[in-house]
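A.B. asks: I have a structure I would like to understand better, so I am pasting it below and will then ask my questions one at a time.
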Amino acid sequence: MTTFADAPVDKERRRFQRARFVLSCVVTVTLLQIGWWMFFQVRASGREFDHEVQLGHDVATADAVRWRRVRMTLAEGGFLLAVVTGGLVSIWWLMRRELRREYEHNQLLAAMSHDFRSPLTAIRLLAQSFEMNRVPENERDRAARTLLANVQRLEDLVENVLIAARLHAGRLAPRREPLDLAVEVERCLDQRAALLAQRGADVATTLPRGVRVLVDPSLLQSILGNLVDNALKFADGTPRIALSLAREAGPGGTARAVLRVRDQGVGFPPEEAPLLFDRFHRGGAEQDVSRPGLGLGLFLVREFARLHGGDATATSGGPGRGSEFVVTLPLADAAPAPAAAPVGAPA
């Protein structure tokens, strides 16, 4: 049975197969025409040679003229073939890129429709229950936490989409300032307290004070929030999250801040690690719109880390064995603050 999630994928696959068939036919016909033209040009040069010999012209001269014409024909045919092949390859590459963009667009719309509908439905039902006084007194606190958790989820979704749009358009100008990374992590956890409580998450932290980084406050909160949300999203059962912070030596011996976020969730195959930070990649479930997430969170984590001179990596022992995400950022006392400038460009 074809599901709503499978339909866009099957449609794009059929379109791609049709486009590939049409382009293959065009390539075949073009190559046949070029080959046919070269064959008749060489054949014509042979007839001209026989005609020159019949007229009593010097055989060596006529043969030299013939081979010169054959070489010119082969050179012209080869050049024409190279131009046509280059043009067809360019068309093929542009067509694949356009189809990929349309596929990503359709997947994003499907994921957004699901991700926005779920919290909105929960908020509407809870609001109606409060309005009609159907929430028992002893359940009001839990219902309020659930309401706040869904509001937080909506805010995170909207924020990711808006920031990704600004990054894509090149209108993101970071405002760097020295911040204590431990304090910022605690602030992120406080903002998501309702969501963590709703999921019953077990959060362990090792956050020594004094690790100061030079970052944009809002972009740092986006990095931290997306890492925590990712650990919740792919938890297997009760979410168990461990956050640790340390100073470590980086390349060249320069000290840097290293934040590790470990979870005991579903994990991922090691070969999938380089793809996790790609835009719209959804952890091997691109066809599963029931899984939450737009495929933007980890993409923004890496982009923002690199924007500040750091990086983001991911490791896992395999499916079902949890995962660890590591974000490195330069320390505030390791380098002067660079001038803020718009970053990002259309892909």
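The way I read the labels, and the way they are meant: chains A, B, ... in the order of the structure tokens, residue 1 as the first residue of every chain, and ligand 1 as the first ligand shown, with later ones counted on from there.
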What are the DSSP alpha helix (DSSP H) residues of segment 122-346 of chain A, as a ChimeraX atom specification?

C.D. replies: /A:122-131,140-169,181-191,193-199,217-233,297-307

A.B. asks: Print the selection's residues with C-alpha atoms to a file, as a PDB file, in the first residue's frame.

C.D. replies:
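Now in selection06.pdb:
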ATOM      1  CA  ALA A 122      -2.176  19.085  21.607  1.00  0.00           C
ATOM      2  CA  ILE A 123      -2.303  22.812  22.406  1.00  0.00           C
ATOM      3  CA  ARG A 124      -5.841  23.126  21.063  1.00  0.00           C
ATOM      4  CA  LEU A 125      -7.101  20.135  23.051  1.00  0.00           C
ATOM      5  CA  LEU A 126      -5.484  21.337  26.278  1.00  0.00           C
ATOM      6  CA  ALA A 127      -6.760  24.877  25.791  1.00  0.00           C
ATOM      7  CA  GLN A 128     -10.282  23.578  25.228  1.00  0.00           C
ATOM      8  CA  SER A 129     -10.001  21.401  28.324  1.00  0.00           C
ATOM      9  CA  PHE A 130      -8.917  24.375  30.447  1.00  0.00           C
ATOM     10  CA  GLU A 131     -11.674  26.521  28.974  1.00  0.00           C
ATOM     11  CA  ARG A 140      -3.379  20.981  36.134  1.00  0.00           C
ATOM     12  CA  ASP A 141       0.367  21.187  36.705  1.00  0.00           C
ATOM     13  CA  ARG A 142       1.067  18.257  34.377  1.00  0.00           C
ATOM     14  CA  ALA A 143      -1.283  19.644  31.739  1.00  0.00           C
ATOM     15  CA  ALA A 144       0.392  23.053  31.972  1.00  0.00           C
ATOM     16  CA  ARG A 145       3.828  21.455  31.518  1.00  0.00           C
ATOM     17  CA  THR A 146       2.550  19.576  28.494  1.00  0.00           C
ATOM     18  CA  LEU A 147       1.150  22.789  27.059  1.00  0.00           C
ATOM     19  CA  LEU A 148       4.452  24.625  27.594  1.00  0.00           C
ATOM     20  CA  ALA A 149       6.413  21.732  26.101  1.00  0.00           C
ATOM     21  CA  ASN A 150       4.370  21.858  22.898  1.00  0.00           C
ATOM     22  CA  VAL A 151       4.736  25.630  22.727  1.00  0.00           C
ATOM     23  CA  GLN A 152       8.507  25.207  23.101  1.00  0.00           C
ATOM     24  CA  ARG A 153       8.492  22.639  20.321  1.00  0.00           C
ATOM     25  CA  LEU A 154       6.665  25.027  17.998  1.00  0.00           C
ATOM     26  CA  GLU A 155       9.031  27.872  18.866  1.00  0.00           C
ATOM     27  CA  ASP A 156      12.045  25.686  18.084  1.00  0.00           C
ATOM     28  CA  LEU A 157      10.578  24.640  14.727  1.00  0.00           C
ATOM     29  CA  VAL A 158       9.834  28.209  13.694  1.00  0.00           C
ATOM     30  CA  GLU A 159      13.228  29.424  14.900  1.00  0.00           C
ATOM     31  CA  ASN A 160      15.075  26.734  12.914  1.00  0.00           C
ATOM     32  CA  VAL A 161      13.180  27.543   9.728  1.00  0.00           C
ATOM     33  CA  LEU A 162      13.762  31.303  10.098  1.00  0.00           C
ATOM     34  CA  ILE A 163      17.469  30.954  10.890  1.00  0.00           C
ATOM     35  CA  ALA A 164      17.985  28.497   8.030  1.00  0.00           C
ATOM     36  CA  ALA A 165      16.299  30.964   5.648  1.00  0.00           C
ATOM     37  CA  ARG A 166      18.551  33.803   6.848  1.00  0.00           C
ATOM     38  CA  LEU A 167      21.629  31.600   6.499  1.00  0.00           C
ATOM     39  CA  HIS A 168      20.588  30.529   3.001  1.00  0.00           C
ATOM     40  CA  ALA A 169      20.013  34.144   1.927  1.00  0.00           C
ATOM     41  CA  LEU A 181      29.520  27.949  28.148  1.00  0.00           C
ATOM     42  CA  ALA A 182      28.397  26.155  31.325  1.00  0.00           C
ATOM     43  CA  VAL A 183      25.966  28.968  32.142  1.00  0.00           C
ATOM     44  CA  GLU A 184      24.573  28.876  28.599  1.00  0.00           C
ATOM     45  CA  VAL A 185      24.045  25.111  28.746  1.00  0.00           C
ATOM     46  CA  GLU A 186      22.162  25.463  32.037  1.00  0.00           C
ATOM     47  CA  ARG A 187      20.041  28.240  30.520  1.00  0.00           C
ATOM     48  CA  CYS A 188      19.192  25.974  27.579  1.00  0.00           C
ATOM     49  CA  LEU A 189      18.133  23.171  29.927  1.00  0.00           C
ATOM     50  CA  ASP A 190      16.016  25.594  31.986  1.00  0.00           C
ATOM     51  CA  GLN A 191      14.214  26.774  28.852  1.00  0.00           C
ATOM     52  CA  ALA A 193      12.520  22.085  31.495  1.00  0.00           C
ATOM     53  CA  ALA A 194       8.867  21.519  30.581  1.00  0.00           C
ATOM     54  CA  LEU A 195       9.773  19.444  27.538  1.00  0.00           C
ATOM     55  CA  LEU A 196      12.311  17.392  29.495  1.00  0.00           C
ATOM     56  CA  ALA A 197       9.792  16.829  32.296  1.00  0.00           C
ATOM     57  CA  GLN A 198       7.100  15.762  29.846  1.00  0.00           C
ATOM     58  CA  ARG A 199       9.406  13.128  28.387  1.00  0.00           C
ATOM     59  CA  PRO A 217      24.365  34.217  22.168  1.00  0.00           C
ATOM     60  CA  SER A 218      21.328  33.383  20.019  1.00  0.00           C
ATOM     61  CA  LEU A 219      23.294  31.085  17.708  1.00  0.00           C
ATOM     62  CA  LEU A 220      24.866  29.318  20.694  1.00  0.00           C
ATOM     63  CA  GLN A 221      21.411  28.690  22.146  1.00  0.00           C
ATOM     64  CA  SER A 222      20.363  27.294  18.771  1.00  0.00           C
ATOM     65  CA  ILE A 223      23.336  24.899  18.827  1.00  0.00           C
ATOM     66  CA  LEU A 224      22.575  23.718  22.364  1.00  0.00           C
ATOM     67  CA  GLY A 225      18.828  23.499  21.853  1.00  0.00           C
ATOM     68  CA  ASN A 226      19.124  21.449  18.686  1.00  0.00           C
ATOM     69  CA  LEU A 227      21.544  19.020  20.345  1.00  0.00           C
ATOM     70  CA  VAL A 228      19.187  18.471  23.292  1.00  0.00           C
ATOM     71  CA  ASP A 229      16.155  18.191  21.006  1.00  0.00           C
ATOM     72  CA  ASN A 230      17.969  15.636  18.848  1.00  0.00           C
ATOM     73  CA  ALA A 231      18.747  13.501  21.916  1.00  0.00           C
ATOM     74  CA  LEU A 232      15.065  13.624  22.931  1.00  0.00           C
ATOM     75  CA  LYS A 233      13.807  12.974  19.430  1.00  0.00           C
ATOM     76  CA  GLY A 297      18.684  20.946  13.536  1.00  0.00           C
ATOM     77  CA  LEU A 298      22.035  19.200  13.131  1.00  0.00           C
ATOM     78  CA  PHE A 299      22.693  21.106   9.913  1.00  0.00           C
ATOM     79  CA  LEU A 300      22.440  24.367  11.861  1.00  0.00           C
ATOM     80  CA  VAL A 301      24.590  22.959  14.675  1.00  0.00           C
ATOM     81  CA  ARG A 302      27.515  22.321  12.343  1.00  0.00           C
ATOM     82  CA  GLU A 303      27.054  25.515  10.330  1.00  0.00           C
ATOM     83  CA  PHE A 304      26.983  27.710  13.437  1.00  0.00           C
ATOM     84  CA  ALA A 305      29.927  25.879  15.018  1.00  0.00           C
ATOM     85  CA  ARG A 306      32.012  26.363  11.874  1.00  0.00           C
ATOM     86  CA  LEU A 307      30.872  29.971  11.639  1.00  0.00           C
TER      87      LEU A 307
END

A.B. asks: Once DSSP has gone over the backbone, tell me which residues of segment 89-206 of chain A are in strand (DSSP E or B), as a ChimeraX atom specification.

C.D. replies: /A:172,177-180,202-206

A.B. asks: So, with only C-alpha atoms as the atoms that count, which of A:Ser24, A:Ala273, A:Ser118, A:Asp333 lies closest to Val89 of chain A?

C.D. replies: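 When distances to Val89 of chain A are compared using only C-alpha atoms, the smallest one comes from A:Ser24.
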
A.B. asks: Would you please work out which residue, of A:Ala19, A:Val327, A:Cys25, A:Val266, is nearest to Leu94 of chain A when using only C-alpha atoms?

C.D. replies: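 When distances to Leu94 of chain A are compared using only C-alpha atoms, the smallest one comes from A:Ala19.
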
A.B. asks: Near Asp180 of chain A, counting only C-alpha atoms, which residues have an atom at most 8 Å away, once you skip same-chain residues fewer than 3 positions from it, shown as a PDB file with C-alpha atoms, in the first residue's frame?

C.D. replies:
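Final output, saved to selection34.pdb:
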ATOM      1  CA  VAL A 183      25.966  28.968  32.142  1.00  0.00           C
ATOM      2  CA  GLU A 184      24.573  28.876  28.599  1.00  0.00           C
ATOM      3  CA  ARG A 209      32.502  27.024  35.187  1.00  0.00           C
ATOM      4  CA  GLY A 210      35.014  29.336  33.541  1.00  0.00           C
ATOM      5  CA  VAL A 211      35.044  27.814  30.038  1.00  0.00           C
ATOM      6  CA  ARG A 212      34.370  31.007  28.115  1.00  0.00           C
ATOM      7  CA  VAL A 213      33.756  31.038  24.379  1.00  0.00           C
TER       8      VAL A 213
END

A.B. asks: A:Phe268, A:Leu31, A:Ala242, A:Glu248: which is nearest Leu80 of chain A, counting only C-alpha atoms?

C.D. replies: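 For Leu80 of chain A, the nearest of the given residues is A:Leu31.
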
A.B. asks: Just the residues within 6 Å of Asp216 of chain A, please, counting only C-alpha atoms, with nothing from its chain fewer than 3 positions along; format it as an mmCIF file with C-alpha atoms, in the first residue's frame.

C.D. replies:
data_model
loop_
_atom_site.group_PDB
_atom_site.id
_atom_site.type_symbol
_atom_site.label_atom_id
_atom_site.label_comp_id
_atom_site.auth_asym_id
_atom_site.auth_seq_id
_atom_site.Cartn_x
_atom_site.Cartn_y
_atom_site.Cartn_z
ATOM 1 C CA PRO A 174 26.693 36.984 14.101
ATOM 2 C CA ARG A 175 27.236 39.222 17.132
ATOM 3 C CA ARG A 176 30.071 37.631 19.082
ATOM 4 C CA LEU A 219 23.294 31.085 17.708
#

A.B. asks: Leu329 of chain A: which residues within 6 Å, counting only C-alpha atoms, same-chain residues fewer than 2 positions away excluded, as a PyMOL selection string?

C.D. replies: chain A and resi 256-257+310

A.B. asks: How would the residues just picked look written out with N, CA and C atoms as a CSV table (one decimal), in the first residue's frame?

C.D. replies:
chain,number,residue,atom,x,y,z
A,256,ARG,N,40.7,24.7,23.3
A,256,ARG,CA,39.4,24.9,22.8
A,256,ARG,C,38.4,24.3,23.8
A,257,ALA,N,37.1,24.8,23.6
A,257,ALA,CA,36.0,24.2,24.5
A,257,ALA,C,35.4,23.1,23.7
A,310,GLY,N,34.7,26.7,15.0
A,310,GLY,CA,34.7,25.3,15.6
A,310,GLY,C,34.2,24.3,14.6

A.B. asks: If I take atom CA of Leu245 of chain A and atom CA of Pro330 of chain A, how far is one from the other in Å, to one decimal?

C.D. replies: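 Between atom CA of Leu245 of chain A and atom CA of Pro330 of chain A the gap is 13.1 Å.
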
A.B. asks: So the first atom is atom CA of Ala249 of chain A and the second is atom CA of Pro269 of chain A; what is the distance between them in Å, to one decimal place?

C.D. replies: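 Atom CA of Ala249 of chain A sits 28.3 Å away from atom CA of Pro269 of chain A.
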
A.B. asks: Could you please determine the separation between atom CA of Glu98 of chain A and atom CA of Gly295 of chain A in Å, to one decimal place?

C.D. replies: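 Going from atom CA of Glu98 of chain A over to atom CA of Gly295 of chain A, I get 19.0 Å.
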
A.B. asks: Of the residues A:Phe21, A:Phe325, A:Phe234, A:Phe116, which is the one nearest to Val261 of chain A, using only C-alpha atoms?

C.D. replies: A:Phe325
